[in-house]
Every structure is written in C-alpha cells, then in structure tokens.
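Source file: entry12.cif. Holds: mmCIF, C-alpha atoms.
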data_my_file
loop_
_atom_site.label_atom_id
_atom_site.label_comp_id
_atom_site.auth_asym_id
_atom_site.auth_seq_id
_atom_site.Cartn_x
_atom_site.Cartn_y
_atom_site.Cartn_z
CA MET A 1 -6.17 -32.84 -5.41
CA SER A 2 -8.01 -33.81 -2.30
CA LEU A 3 -10.25 -31.66 -0.22
CA LEU A 4 -7.62 -31.46 2.53
CA ASP A 5 -5.04 -30.05 0.10
CA TYR A 6 -7.34 -27.10 -0.47
CA PHE A 7 -7.18 -26.07 3.19
CA LYS A 8 -3.41 -26.37 3.61
CA THR A 9 -1.61 -23.12 4.06
CA LYS A 10 0.36 -21.88 1.12
CA LYS A 11 4.11 -21.84 1.59
CA THR A 12 5.77 -18.47 1.54
CA PRO A 13 8.36 -18.03 -1.19
CA SER A 14 11.88 -18.96 -0.19
CA THR A 15 14.51 -16.31 0.33
CA ALA A 16 16.26 -17.51 -2.82
CA VAL A 17 13.17 -16.80 -4.91
CA THR A 18 12.76 -13.38 -3.30
CA ALA A 19 16.44 -12.56 -3.89
CA LYS A 20 16.16 -13.64 -7.52
CA GLU A 21 13.13 -11.40 -8.09
CA ARG A 22 14.90 -8.43 -6.49
CA LEU A 23 18.00 -9.01 -8.59
CA GLN A 24 15.88 -9.10 -11.75
CA ILE A 25 14.39 -5.73 -10.82
CA ILE A 26 17.83 -4.24 -10.19
CA VAL A 27 19.20 -5.58 -13.48
CA ALA A 28 16.20 -4.23 -15.40
CA HIS A 29 16.67 -0.84 -13.74
CA GLN A 30 20.39 -0.77 -14.63
CA ARG A 31 19.64 -1.67 -18.25
CA GLY A 32 17.21 1.21 -18.46
CA GLU A 33 19.81 3.68 -17.22
CA ARG A 34 22.52 2.47 -19.60
CA ASP A 35 21.14 4.45 -22.56
CA ALA A 36 20.20 7.51 -20.50
CA PRO A 37 21.86 10.84 -21.29
CA ASP A 38 24.59 12.25 -19.02
CA TYR A 39 22.32 14.89 -17.53
CA PHE A 40 19.71 12.34 -16.45
CA PRO A 41 20.91 11.77 -12.81
CA ALA A 42 21.06 15.54 -12.17
CA MET A 43 17.61 16.03 -13.69
CA LYS A 44 16.21 13.21 -11.54
CA GLN A 45 17.64 14.82 -8.38
CA GLU A 46 16.21 18.23 -9.32
CA ILE A 47 12.76 16.70 -9.83
CA ILE A 48 12.97 15.04 -6.40
CA ASP A 49 14.02 18.35 -4.83
CA VAL A 50 11.05 20.18 -6.36
CA ILE A 51 8.61 17.51 -5.12
CA ARG A 52 10.16 17.74 -1.63
CA LYS A 53 9.26 21.44 -1.49
CA TYR A 54 5.62 20.41 -1.26
CA VAL A 55 5.59 16.82 0.08
CA GLN A 56 7.94 14.91 2.37
CA ILE A 57 9.09 11.84 0.37
CA ASP A 58 12.03 9.46 0.31
CA THR A 59 14.24 9.03 -2.74
CA ASP A 60 13.11 5.39 -2.92
CA GLN A 61 9.53 6.55 -3.53
CA VAL A 62 10.42 8.22 -6.83
CA SER A 63 11.04 6.37 -10.08
CA VAL A 64 12.16 8.29 -13.16
CA GLN A 65 12.67 6.56 -16.50
CA LEU A 66 13.55 7.83 -19.94
CA ASP A 67 12.27 5.73 -22.84
CA GLN A 68 13.43 6.37 -26.39
CA ASN A 69 11.39 5.18 -29.36
CA ASP A 70 12.58 4.43 -32.87
CA ASP A 71 11.20 7.76 -34.09
CA LYS A 72 13.79 9.64 -31.99
CA LEU A 73 11.00 10.44 -29.55
CA SER A 74 11.91 10.49 -25.86
CA VAL A 75 9.35 9.90 -23.14
CA LEU A 76 10.07 10.84 -19.53
CA GLU A 77 8.10 8.68 -17.09
CA LEU A 78 7.83 9.81 -13.47
CA ASN A 79 6.23 7.67 -10.75
CA VAL A 80 5.96 9.09 -7.25
CA THR A 81 4.44 7.33 -4.26
CA LEU A 82 2.88 10.10 -2.21
CA PRO A 83 2.10 9.74 1.50
CA GLU A 84 -1.55 9.46 2.45
CA LYS A 85 -1.50 12.56 4.69
#
Translate this file's structure into structure tokens.
Amino acid sequence: MSLLDYFKTKKTPSTAVTAKERLQIIVAHQRGERDAPDYFPAMKQEIIDVIRKYVQIDTDQVSVQLDQNDDKLSVLELNVTLPEK
C-alpha cells in the first residue's frame, strides 16, 4: 500500500451489494414472524396505536419481535424510534 492509496476516496457500495443487504434483512424479518402466534399482527398494531396517542410516529419506526426460548419462555421486544421533538 502506497501513501497515495491512503488518500484515495473510498468507493461507495454498489447497488447490488445494497440490495443484497436489504434482502437479507427482509428474509430475517420474515423468518422471525413465521413462528409468531396468530394474534401477533393485531397486537403489534394495537401497540403502535397506543404509542401514536402520545407521539407522532410512522409504522416503519416501530419494530416488534417475539422470541421464544427452549424453556417455553416468550420475550416481546419492542424498538421504537422516537422523534427528537
């Protein structure tokens, strides 16, 4: 590596790489929902509705996941991106 290589601008990832990463995220999300109970989509929408009573958010800003352990223990994980003000 020469000194000039250090100052070269880094190439931005190609659209194919970006599309592949997005597809991996979508597939992982779909796998997570496969084992979810039937009431899960309705529960997710109700949680979003309750949050909207207090803060204006988009549906894309809320992530709800249900993880089930081997001990028949279910964990509900809720991630919400709140606006700054």
If you measure from atom CA of A:Val80 to atom CA of A:Gln45, what distance in Å do you get, rounded to one decimal?
13.1 Å
So that I can check the surroundings of A:Ile51, please list as an MDAnalysis selection string every protein, DNA and RNA residue that reaches within 12 Å of it, counting all atoms listed in the file and ignoring chain neighbours fewer than 5 positions away.
chainID A and resid 44:46 56:59 61:62 78:82
Please produce an output containing C-alpha atoms for each residue in the selection, written as a short mmCIF file (atom, residue, chain, number, x, y, z; two decimals), keeping the file's coordinate frame.
data_model
loop_
_atom_site.label_atom_id
_atom_site.label_comp_id
_atom_site.auth_asym_id
_atom_site.auth_seq_id
_atom_site.Cartn_x
_atom_site.Cartn_y
_atom_site.Cartn_z
CA LYS A 44 16.21 13.21 -11.54
CA GLN A 45 17.64 14.82 -8.38
CA GLU A 46 16.21 18.23 -9.32
CA GLN A 56 7.94 14.91 2.37
CA ILE A 57 9.09 11.84 0.37
CA ASP A 58 12.03 9.46 0.31
CA THR A 59 14.24 9.03 -2.74
CA GLN A 61 9.53 6.55 -3.53
CA VAL A 62 10.42 8.22 -6.83
CA LEU A 78 7.83 9.81 -13.47
CA ASN A 79 6.23 7.67 -10.75
CA VAL A 80 5.96 9.09 -7.25
CA THR A 81 4.44 7.33 -4.26
CA LEU A 82 2.88 10.10 -2.21
#
For A:Ala28, which residue among A:Val50, A:Leu76, A:Ser14, A:Gln65 is the nearest when counting all atoms listed in the file?
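Result for the nearest residue to A:Ala28: A:Gln65.
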Enter the distance from atom CA of A:Phe40 to atom CA of A:Ile25, in Å, rounded to one decimal.
19.7 Å
Quick check, in Å to one decimal: how far apart do atom CA of A:Tyr54 and atom CA of A:Ala42 lie?
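The value is 19.5 Å.
For the residues A:Ile47, A:Val27, A:Ala16, A:Val55, ranking by smallest atom-to-atom distance to A:Glu77 using only C-alpha atoms places A:Ile47 first.
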